[in-house]
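As stored in run_14.txt (compact mmCIF, C-alpha atoms and all ligand atoms):
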```
# COMPACT_ATOMS: atom_id res chain seq x y z
CA MET A 2 -107.93 -23.48 48.83
CA LYS A 3 -106.36 -26.17 46.70
CA PRO A 4 -104.22 -29.15 47.71
CA ALA A 5 -100.65 -29.57 46.53
CA PRO A 6 -100.46 -31.89 43.50
CA PHE A 7 -100.70 -35.63 44.21
CA THR A 8 -101.11 -38.86 42.28
CA TYR A 9 -104.45 -40.57 42.82
CA HIS A 10 -104.68 -44.37 43.13
CA ARG A 11 -107.87 -46.39 43.33
CA PRO A 12 -107.19 -50.01 44.33
CA GLU A 13 -109.97 -52.60 44.01
CA THR A 14 -109.01 -54.75 47.00
CA ALA A 15 -107.56 -54.36 50.49
CA ALA A 16 -104.52 -56.39 49.46
CA GLU A 17 -103.92 -54.07 46.52
CA ALA A 18 -104.24 -51.02 48.81
CA VAL A 19 -101.71 -52.44 51.27
CA GLY A 20 -99.35 -53.29 48.39
CA LEU A 21 -99.58 -49.73 47.11
CA LEU A 22 -98.85 -48.29 50.56
CA ALA A 23 -95.77 -50.50 50.85
CA ASP A 24 -94.53 -49.62 47.35
CA LEU A 25 -95.16 -45.90 47.58
CA GLY A 26 -93.65 -45.43 51.05
CA ASP A 27 -93.89 -42.42 53.35
CA GLY A 28 -95.31 -40.00 50.79
CA ALA A 29 -98.52 -42.04 50.44
CA LYS A 30 -101.72 -41.64 52.46
CA LEU A 31 -104.98 -43.57 52.60
CA LEU A 32 -108.08 -41.65 51.60
CA ALA A 33 -111.51 -42.86 52.75
CA GLY A 34 -114.43 -40.41 52.97
CA GLY A 35 -112.06 -37.46 52.80
CA GLN A 36 -114.00 -35.53 55.44
CA SER A 37 -110.95 -34.98 57.61
CA LEU A 38 -108.11 -35.51 55.15
CA VAL A 39 -109.33 -33.34 52.28
CA PRO A 40 -109.74 -30.16 54.39
CA MET A 41 -106.21 -30.75 55.71
CA LEU A 42 -104.89 -31.17 52.16
CA ASN A 43 -106.78 -28.10 50.98
CA LEU A 44 -105.32 -26.00 53.77
CA ARG A 45 -101.92 -27.61 53.07
CA LEU A 46 -101.71 -28.70 56.69
CA ALA A 47 -100.90 -32.05 55.09
CA VAL A 48 -99.07 -32.74 51.83
CA PHE A 49 -98.77 -36.22 50.26
CA ASP A 50 -97.38 -37.33 46.90
CA ASP A 51 -99.87 -40.18 46.57
CA LEU A 52 -103.40 -40.74 47.78
CA VAL A 53 -104.69 -44.30 47.92
CA ASP A 54 -108.49 -44.12 47.76
CA VAL A 55 -110.04 -47.08 49.63
CA SER A 56 -113.60 -45.74 49.57
CA ARG A 57 -114.77 -48.11 46.83
CA ILE A 58 -113.30 -51.35 48.14
CA ASP A 59 -116.34 -53.56 48.72
CA GLU A 60 -114.71 -55.88 51.27
CA LEU A 61 -114.08 -52.91 53.61
CA SER A 62 -117.76 -52.13 53.83
CA GLY A 63 -120.58 -53.93 55.62
CA ILE A 64 -122.26 -54.64 58.93
CA GLU A 65 -122.56 -58.25 60.08
CA ARG A 66 -123.58 -60.02 63.26
CA ARG A 67 -120.85 -62.56 64.02
CA GLU A 68 -120.11 -64.84 66.96
CA GLY A 69 -120.52 -62.60 70.06
CA HIS A 70 -119.91 -59.32 68.26
CA LEU A 71 -121.01 -56.99 65.51
CA TRP A 72 -118.47 -56.53 62.71
CA ILE A 73 -118.43 -53.22 60.86
CA GLY A 74 -116.16 -52.76 57.89
CA ALA A 75 -113.79 -49.82 58.28
CA GLY A 76 -115.06 -48.30 55.03
CA THR A 77 -118.70 -48.33 56.13
CA THR A 78 -120.04 -44.80 56.06
CA GLU A 79 -121.29 -43.12 59.20
CA ALA A 80 -124.65 -42.73 57.42
CA ALA A 81 -124.87 -46.50 56.89
CA VAL A 82 -124.09 -47.04 60.58
CA GLU A 83 -126.79 -44.52 61.47
CA ARG A 84 -129.41 -46.26 59.28
CA SER A 85 -128.58 -49.80 60.37
CA ALA A 86 -131.25 -51.65 62.38
CA GLU A 87 -128.56 -54.22 63.27
CA VAL A 88 -126.36 -51.52 64.86
CA ALA A 89 -129.33 -50.05 66.76
CA ALA A 90 -130.20 -53.48 68.18
CA ALA A 91 -126.73 -54.85 68.89
CA VAL A 92 -124.68 -51.77 69.84
CA PRO A 93 -127.16 -48.99 70.70
CA LEU A 94 -124.40 -46.68 71.97
CA LEU A 95 -122.82 -46.51 68.52
CA ALA A 96 -126.21 -45.89 66.91
CA ARG A 97 -126.98 -43.05 69.31
CA ALA A 98 -123.58 -41.40 68.96
CA THR A 99 -123.61 -41.34 65.15
CA PRO A 100 -126.15 -38.54 64.56
CA LEU A 101 -123.96 -36.30 66.74
CA ILE A 102 -121.18 -36.45 64.12
CA GLY A 103 -121.11 -33.32 61.98
CA HIS A 104 -123.95 -33.02 59.47
CA ARG A 105 -125.72 -35.56 57.28
CA GLN A 106 -123.58 -34.60 54.26
CA ILE A 107 -120.43 -35.39 56.27
CA ARG A 108 -121.84 -38.69 57.51
CA ASN A 109 -122.75 -39.68 53.94
CA ARG A 110 -119.05 -39.69 53.03
CA GLY A 111 -117.20 -40.10 56.33
CA THR A 112 -116.39 -43.65 57.40
CA ILE A 113 -116.11 -45.31 60.79
CA GLY A 114 -112.56 -46.43 59.96
CA GLY A 115 -111.58 -42.93 58.85
CA SER A 116 -112.92 -41.44 62.05
CA LEU A 117 -111.03 -43.95 64.22
CA ALA A 118 -107.81 -43.68 62.21
CA HIS A 119 -108.00 -39.88 62.32
CA ALA A 120 -108.33 -40.17 66.13
CA ASP A 121 -109.58 -36.70 66.90
CA PRO A 122 -109.86 -36.59 70.71
CA ALA A 123 -113.10 -34.59 70.37
CA ALA A 124 -114.73 -37.15 68.02
CA GLU A 125 -117.54 -39.41 69.17
CA TYR A 126 -116.50 -42.80 67.73
CA PRO A 127 -113.13 -43.12 69.52
CA ALA A 128 -114.81 -42.67 72.93
CA VAL A 129 -117.59 -45.07 71.95
CA VAL A 130 -115.25 -47.87 70.85
CA LEU A 131 -113.29 -47.39 74.08
CA ALA A 132 -116.46 -47.67 76.18
CA LEU A 133 -117.51 -50.79 74.27
CA ASP A 134 -114.08 -52.50 74.49
CA ALA A 135 -114.07 -52.89 70.73
CA GLU A 136 -111.26 -54.51 68.75
CA LEU A 137 -109.85 -53.05 65.57
CA GLU A 138 -108.66 -55.25 62.72
CA ALA A 139 -105.77 -54.09 60.57
CA VAL A 140 -103.71 -55.51 57.73
CA SER A 141 -100.22 -54.68 56.44
CA PRO A 142 -97.56 -56.45 54.38
CA ARG A 143 -96.67 -58.26 57.62
CA GLY A 144 -100.14 -59.79 57.88
CA ALA A 145 -103.33 -59.14 59.84
CA ARG A 146 -103.55 -58.15 63.50
CA THR A 147 -106.14 -57.09 66.02
CA ILE A 148 -105.68 -54.04 68.26
CA ALA A 149 -107.76 -53.48 71.40
CA ALA A 150 -109.42 -50.06 71.40
CA ALA A 151 -107.68 -49.40 74.73
CA ASP A 152 -104.30 -49.64 72.94
CA PHE A 153 -105.29 -47.89 69.72
CA PHE A 154 -105.25 -44.17 70.55
CA THR A 155 -101.67 -43.19 71.30
CA GLY A 156 -101.66 -39.40 71.17
CA PHE A 157 -103.23 -36.34 69.58
CA TRP A 158 -104.40 -37.47 66.10
CA SER A 159 -102.18 -40.53 66.38
CA THR A 160 -102.88 -44.25 66.65
CA ALA A 161 -101.12 -47.59 66.98
CA LEU A 162 -101.47 -48.11 63.21
CA ASP A 163 -98.22 -48.29 61.28
CA GLU A 164 -97.81 -46.04 58.22
CA ASP A 165 -98.40 -48.98 55.88
CA GLU A 166 -101.32 -50.46 57.79
CA LEU A 167 -104.94 -50.46 56.65
CA LEU A 168 -107.80 -50.63 59.12
CA THR A 169 -110.21 -53.25 57.77
CA GLY A 170 -112.92 -53.65 60.39
CA ILE A 171 -114.17 -53.03 63.90
CA ARG A 172 -115.45 -55.78 66.21
CA LEU A 173 -117.95 -54.54 68.78
CA PRO A 174 -118.94 -56.91 71.58
CA VAL A 175 -122.70 -57.41 71.89
CA ARG A 176 -123.46 -57.11 75.58
CA GLY A 177 -126.34 -58.19 77.77
CA GLY A 178 -127.86 -61.61 78.21
CA ALA A 179 -130.40 -63.54 80.21
CA ALA A 180 -128.94 -62.45 83.57
CA THR A 181 -128.06 -58.82 82.90
CA ARG A 182 -129.60 -55.63 81.50
CA CYS A 183 -127.77 -52.89 79.62
CA GLY A 184 -128.21 -49.16 79.42
CA PHE A 185 -126.41 -46.60 77.28
CA GLY A 186 -126.09 -42.84 77.18
CA VAL A 187 -124.15 -40.33 75.13
CA ARG A 188 -124.14 -36.61 75.77
CA GLU A 189 -122.07 -33.75 74.44
CA ILE A 190 -121.96 -30.00 74.40
CA ALA A 191 -121.03 -28.20 71.18
CA ARG A 192 -121.21 -24.56 70.17
CA ARG A 193 -123.55 -25.34 67.27
CA HIS A 194 -125.27 -28.48 66.05
CA GLY A 195 -122.77 -30.38 63.89
CA ASP A 196 -119.66 -28.90 65.48
CA PHE A 197 -117.13 -31.09 67.22
CA ALA A 198 -117.94 -31.47 70.91
CA ILE A 199 -116.40 -29.13 73.45
CA ALA A 200 -116.80 -32.03 75.89
CA GLY A 201 -118.73 -35.26 75.82
CA ALA A 202 -119.23 -38.66 77.40
CA ALA A 203 -120.40 -42.09 76.30
CA VAL A 204 -121.62 -44.48 78.99
CA ALA A 205 -122.26 -48.22 78.74
CA LEU A 206 -123.74 -49.91 81.80
CA GLU A 207 -124.56 -53.52 82.57
CA VAL A 208 -126.46 -54.49 85.72
CA ASP A 209 -127.46 -57.82 87.24
CA GLY A 210 -130.93 -58.94 88.33
CA ASP A 211 -130.56 -56.92 91.57
CA ASP A 212 -129.68 -53.74 89.64
CA ARG A 213 -126.09 -54.03 90.80
CA VAL A 214 -123.51 -52.68 88.36
CA VAL A 215 -121.45 -55.48 86.86
CA ARG A 216 -119.84 -53.34 84.16
CA ALA A 217 -119.51 -49.57 83.95
CA ALA A 218 -117.67 -48.02 81.04
CA ILE A 219 -117.33 -44.27 80.56
CA GLY A 220 -115.61 -42.88 77.46
CA LEU A 221 -114.66 -39.19 77.49
CA PHE A 222 -114.14 -37.01 74.44
CA GLY A 223 -112.93 -33.43 74.14
CA LEU A 224 -111.38 -33.75 77.58
CA GLY A 225 -107.78 -34.64 76.75
CA SER A 226 -105.30 -35.07 73.93
CA VAL A 227 -106.67 -38.59 73.46
CA PRO A 228 -110.09 -40.13 74.06
CA LEU A 229 -110.14 -41.54 77.60
CA ARG A 230 -111.85 -44.01 79.89
CA ALA A 231 -112.91 -42.58 83.26
CA SER A 232 -111.46 -45.56 85.12
CA ALA A 233 -111.77 -44.20 88.68
CA ALA A 234 -115.47 -43.41 88.22
CA GLU A 235 -116.06 -46.83 86.64
CA ALA A 236 -114.34 -48.60 89.53
CA ALA A 237 -116.26 -46.57 92.11
CA ALA A 238 -119.60 -47.60 90.59
CA THR A 239 -118.90 -51.27 89.91
CA GLY A 240 -120.51 -53.65 92.37
CA ARG A 241 -122.91 -51.04 93.76
CA ALA A 242 -126.68 -50.91 93.39
CA LEU A 243 -127.70 -48.40 90.72
CA ALA A 244 -130.15 -46.67 93.04
CA GLU A 245 -127.32 -45.84 95.48
CA ILE A 246 -125.20 -44.11 92.85
CA ASP A 247 -125.53 -40.37 92.41
CA ALA A 248 -125.00 -39.37 88.76
CA ASP A 249 -123.44 -36.03 89.74
CA ASP A 250 -120.89 -37.88 91.88
CA VAL A 251 -120.02 -40.08 88.90
CA GLY A 252 -119.44 -36.91 86.85
CA ARG A 253 -117.27 -35.33 89.52
CA VAL A 254 -115.09 -38.42 89.94
CA ALA A 255 -114.82 -38.89 86.15
CA VAL A 256 -113.11 -35.52 85.65
CA ALA A 257 -111.23 -35.32 88.95
CA ASP A 258 -107.92 -36.70 87.67
CA LEU A 259 -107.89 -35.27 84.14
CA SER A 260 -104.48 -33.76 83.46
CA ASP A 261 -104.43 -32.43 79.88
CA VAL A 262 -107.84 -30.93 79.23
CA PRO A 263 -107.54 -28.67 76.17
CA SER A 264 -107.89 -24.93 76.44
CA ASP A 265 -108.68 -22.93 73.31
CA LEU A 266 -111.01 -20.30 71.91
CA HIS A 267 -113.95 -22.71 72.26
CA GLY A 268 -113.46 -23.11 75.98
CA SER A 269 -110.91 -23.04 78.77
CA ALA A 270 -109.73 -26.23 80.45
CA ALA A 271 -111.71 -25.26 83.55
CA TYR A 272 -114.90 -24.77 81.54
CA ARG A 273 -114.44 -28.03 79.66
CA THR A 274 -113.82 -29.91 82.90
CA LYS A 275 -116.93 -28.44 84.47
CA VAL A 276 -119.24 -29.20 81.55
CA GLY A 277 -117.50 -32.56 81.05
CA ALA A 278 -118.65 -33.58 84.54
CA VAL A 279 -122.20 -32.55 83.64
CA MET A 280 -122.08 -34.53 80.37
CA VAL A 281 -120.91 -37.64 82.26
CA ALA A 282 -123.67 -37.19 84.85
CA ARG A 283 -126.35 -36.85 82.16
CA ALA A 284 -125.08 -39.77 80.08
CA TRP A 285 -124.88 -41.87 83.26
CA ALA A 286 -128.44 -40.92 84.22
CA ASP A 287 -129.69 -41.89 80.74
CA ALA A 288 -127.88 -45.23 80.87
CA ALA A 289 -129.03 -45.95 84.42
CA ALA A 290 -132.66 -45.18 83.56
CA GLU A 291 -132.50 -47.48 80.56
CA ALA A 292 -130.89 -50.28 82.55
CA THR A 293 -133.51 -49.97 85.29
CA VAL A 294 -136.89 -48.69 84.25
CA GLY A 295 -139.18 -51.10 82.44
CA ALA A 296 -136.26 -52.91 80.85
CA THR A 297 -136.45 -56.66 80.44
CA ALA A 298 -133.35 -58.84 80.51
CA GLY A 299 -131.15 -58.31 77.48
CA ALA A 300 -133.80 -56.29 75.66
CA THR A 301 -131.73 -53.13 75.36
CA ASN A 302 -129.00 -54.98 73.62
CA GLY A 303 -130.78 -57.19 71.15
C1 LIG B 1 -117.47 -29.69 58.98
C2 LIG B 1 -117.07 -31.01 59.61
C3 LIG B 1 -117.60 -31.34 60.85
C4 LIG B 1 -117.26 -32.56 61.43
N1 LIG B 1 -117.78 -32.84 62.65
C5 LIG B 1 -117.44 -34.01 63.25
C6 LIG B 1 -117.95 -34.34 64.53
O1 LIG B 1 -118.74 -33.62 65.13
N2 LIG B 1 -117.55 -35.51 65.08
C7 LIG B 1 -116.68 -36.36 64.45
O2 LIG B 1 -116.34 -37.41 64.99
N3 LIG B 1 -116.19 -36.08 63.24
C8 LIG B 1 -116.54 -34.93 62.61
N4 LIG B 1 -116.04 -34.65 61.38
C9 LIG B 1 -115.09 -35.61 60.76
C10 LIG B 1 -115.82 -36.74 60.08
O3 LIG B 1 -116.43 -37.61 61.00
C11 LIG B 1 -114.85 -37.57 59.24
O4 LIG B 1 -115.65 -38.31 58.40
C12 LIG B 1 -113.96 -38.54 59.92
O5 LIG B 1 -113.20 -37.94 60.94
C13 LIG B 1 -112.96 -39.14 58.93
O6 LIG B 1 -113.55 -40.10 58.18
P1 LIG B 1 -113.25 -40.18 56.61
O7 LIG B 1 -113.76 -41.50 56.16
O8 LIG B 1 -113.78 -38.98 55.94
O9 LIG B 1 -111.65 -40.25 56.57
P2 LIG B 1 -110.58 -39.44 55.70
O10 LIG B 1 -110.76 -37.98 55.90
O11 LIG B 1 -110.57 -39.96 54.32
O12 LIG B 1 -109.26 -39.93 56.44
C14 LIG B 1 -108.98 -39.51 57.76
C15 LIG B 1 -107.69 -40.20 58.22
O13 LIG B 1 -107.90 -41.59 58.39
C16 LIG B 1 -107.00 -42.34 57.57
N5 LIG B 1 -107.77 -43.50 57.13
C17 LIG B 1 -108.97 -43.48 56.52
N6 LIG B 1 -109.41 -44.74 56.34
C18 LIG B 1 -108.45 -45.57 56.84
C19 LIG B 1 -108.34 -46.98 56.96
N7 LIG B 1 -109.29 -47.83 56.53
N8 LIG B 1 -107.22 -47.49 57.54
C20 LIG B 1 -106.25 -46.65 57.99
N9 LIG B 1 -106.32 -45.31 57.92
C21 LIG B 1 -107.41 -44.78 57.34
C22 LIG B 1 -106.59 -41.40 56.47
O14 LIG B 1 -105.34 -41.75 55.90
C23 LIG B 1 -106.54 -40.08 57.21
O15 LIG B 1 -105.35 -39.99 57.94
C24 LIG B 1 -116.38 -33.46 60.76
C25 LIG B 1 -115.87 -33.14 59.50
C26 LIG B 1 -116.21 -31.92 58.92
C27 LIG B 1 -115.66 -31.60 57.57
```
Mind turning this structure into structure tokens?
Amino acid sequence: MKPAPFTYHRPETAAEAVGLLADLGDGAKLLAGGQSLVPMLNLRLAVFDDLVDVSRIDELSGIERREGHLWIGAGTTEAAVERSAEVAAAVPLLARATPLIGHRQIRNRGTIGGSLAHADPAAEYPAVVLALDAELEAVSPRGARTIAAADFFTGFWSTALDEDELLTGIRLPVRGGAATRCGFGVREIARRHGDFAIAGAAVALEVDGDDRVVRAAIGLFGLGSVPLRASAAEAAATGRALAEIDADDVGRVAVADLSDVPSDLHGSAAYRTKVGAVMVARAWADAAAEATVGATAGATNG
């Protein structure tokens, strides 16, 4: 399959990329790793007159510890995220979710910004940034702005980004401290290794010195037309001692009010809901074990 003809642009800076988007208008599209966009172009599910390749803009790439958060450039490849000791120490949930994305060849090219901007509801990163309360930085001809992950995913494959807006970086809060311990878990079920998840869950937990939950965040993927937070299950767990919480109950509550679970040849809505509850329960159990057993204050979160 071949894409329809397009003009290829390769800006050197973010400002140049934004300028090109503004000049070229609706027929232009950003290209990062191409792992989602190129198959769509090849199948002619998408047709654009101009592609603006941002994959070689240095300022969009990098991983840096900054005041209270870890900054990851939108153009940073998934493979670089996977290899980063800084990511593993500061935001373990992101590190653990990354190897679940496709295959190594895809992660070598695919970028964190591309994955978030593509906003596939079955993708791992959208659910992870939701669970971590990340903030997304974007720039357009109107200037720079920051979008909370909770406001970013607006519909199936759609985000709060304007057509002429470039995602530049992701700010991930570094959690845990002297008084709390963190635990993280991510689980998914897929037909084959490397396939998109049929259903999955990412859990970030923070407990106090008495093992009482002070923060519970559960991101769901593959279980709706957008990635979701399981707010009712989070609220039910918050303030309770970890030992009193049954992981299976967390799973049941997490899926109880889902209203648009997909149904397709990979699985019916009922099947997805059922295995979704199991994925939540397992991810919760992993996170709870990490937050409790043998953990010292703050150690799980650098
Ligand atoms: C066989 C296969 C299996 C896969 N399996 C998985 C999987 O299991 N889990 C998963 O999460 N993903 C999976 N993917 C997708 C992969 O993670 C992609 O890398 C990712 O979705 C898109 O990243 P990209 O950098 O390649 O973006 P591109 O494909 O280049 O772009 C994707 C979209 O994002 C926009 N975009 C890119 N960068 C920016 C930016 N900086 N600012 C604004 N918009 C931008 C583009 O315009 C386009 O609309 C798979 C892909 C393939 C081909």
Could you give me, as CSV, every chain A residue with an atom at most 8 Å from ligand LIG 1 (chain B), plus its closest atom pair and distance in Å to one decimal, counting all atoms listed in the file, rows ordered by chain then number?
```
residue,atom,partner,partner_atom,distance
A:Lys30,CA,B:LIG1,O14,5.0
A:Leu31,CA,B:LIG1,O14,3.8
A:Leu32,CA,B:LIG1,O11,4.1
A:Ala33,CA,B:LIG1,O11,3.4
A:Gly34,CA,B:LIG1,O8,3.4
A:Gly35,CA,B:LIG1,O11,3.3
A:Gln36,CA,B:LIG1,O8,3.5
A:Ser37,CA,B:LIG1,O10,3.5
A:Leu38,CA,B:LIG1,O10,3.7
A:Val39,CA,B:LIG1,O10,6.1
A:Pro40,CA,B:LIG1,C27,6.9
A:Val55,CA,B:LIG1,N7,7.0
A:Ser56,CA,B:LIG1,O7,7.8
A:Leu61,CA,B:LIG1,N7,7.6
A:Ala75,CA,B:LIG1,N7,5.2
A:Gly76,CA,B:LIG1,N7,6.0
A:Thr78,CA,B:LIG1,O7,7.1
A:Glu79,CA,B:LIG1,O4,7.5
A:Leu101,CA,B:LIG1,O1,6.1
A:Ile102,CA,B:LIG1,N2,3.9
A:Gly103,CA,B:LIG1,N1,3.4
A:His104,CA,B:LIG1,C3,6.7
A:Ile107,CA,B:LIG1,O4,6.0
A:Arg108,CA,B:LIG1,O4,6.3
A:Arg110,CA,B:LIG1,O8,6.1
A:Gly111,CA,B:LIG1,O4,3.1
A:Thr112,CA,B:LIG1,O7,3.6
A:Ile113,CA,B:LIG1,O6,6.4
A:Gly114,CA,B:LIG1,N7,4.9
A:Gly115,CA,B:LIG1,O6,3.5
A:Ser116,CA,B:LIG1,O5,3.7
A:Leu117,CA,B:LIG1,O13,7.0
A:Ala118,CA,B:LIG1,O13,4.4
A:His119,CA,B:LIG1,C15,4.1
A:Ala120,CA,B:LIG1,O5,7.5
A:Asp121,CA,B:LIG1,O2,7.1
A:Ala123,CA,B:LIG1,O2,6.9
A:Ala124,CA,B:LIG1,O2,3.4
A:Glu125,CA,B:LIG1,O2,4.8
A:Tyr126,CA,B:LIG1,O2,6.0
A:Pro127,CA,B:LIG1,O2,8.0
A:Ala139,CA,B:LIG1,N8,7.4
A:Leu162,CA,B:LIG1,C20,7.2
A:Glu166,CA,B:LIG1,C20,6.2
A:Leu167,CA,B:LIG1,N8,3.8
A:Leu168,CA,B:LIG1,N8,3.6
A:Thr169,CA,B:LIG1,N7,5.6
A:Gly170,CA,B:LIG1,N7,7.9
A:Gly195,CA,B:LIG1,O1,5.3
A:Asp196,CA,B:LIG1,O1,4.8
A:Phe197,CA,B:LIG1,O1,3.7
A:Ala198,CA,B:LIG1,O1,6.2
```
Next item on the list: May I ask for the distance between atom CA of Thr274 of chain A and atom CA of Ala151 of chain A, given in Å to one decimal place?
Entry: 22.0 Å
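Nearest to Arg283 of chain A of all the residues A:Gly156, A:Pro174, A:Gly201, A:Gly268 is A:Gly201, based on all atoms listed in the file.
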Checklist line | Computed interatomic separation between atom CA of Pro142 of chain A and atom CA of Ile64 of chain A (Å) | finding: 25.2 Å
Report as a compact mmCIF listing (two decimals) with C-alpha atoms, in the frame of the given file all protein, DNA and RNA residues lying within 9 Å of Ala161 of chain A, evaluated on all atoms listed in the file, omitting residues in the same chain fewer than 3 positions from it.
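The result, written out as around33.txt:
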```
# COMPACT_ATOMS: atom_id res chain seq x y z
CA ILE A 148 -105.68 -54.04 68.26
CA ASP A 152 -104.30 -49.64 72.94
CA PHE A 153 -105.29 -47.89 69.72
CA PHE A 154 -105.25 -44.17 70.55
CA THR A 155 -101.67 -43.19 71.30
```
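Closest approach to Ala135 of chain A among A:Ala218, A:Met2, A:Ala80, A:Val251 is made by A:Ala218 (distances from all atoms listed in the file).
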Next item on the list: Name the residues within 12 Å of (-112.6, -38.6, 85.1), counting only C-alpha atoms in the file's coordinates, and put them as a ChimeraX atom specification.
Entry: /A:201-202,218-222,224-225,228-237,250-262,274-275,277-282
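Atom to atom, atom CA of Leu42 of chain A and atom CA of Asp54 of chain A stand 14.1 Å apart.
For the set A:Val140, A:Val187, A:Ala290, A:Leu22, the residue with the smallest atom-to-atom gap to Val204 of chain A is A:Val187, counting all atoms listed in the file.
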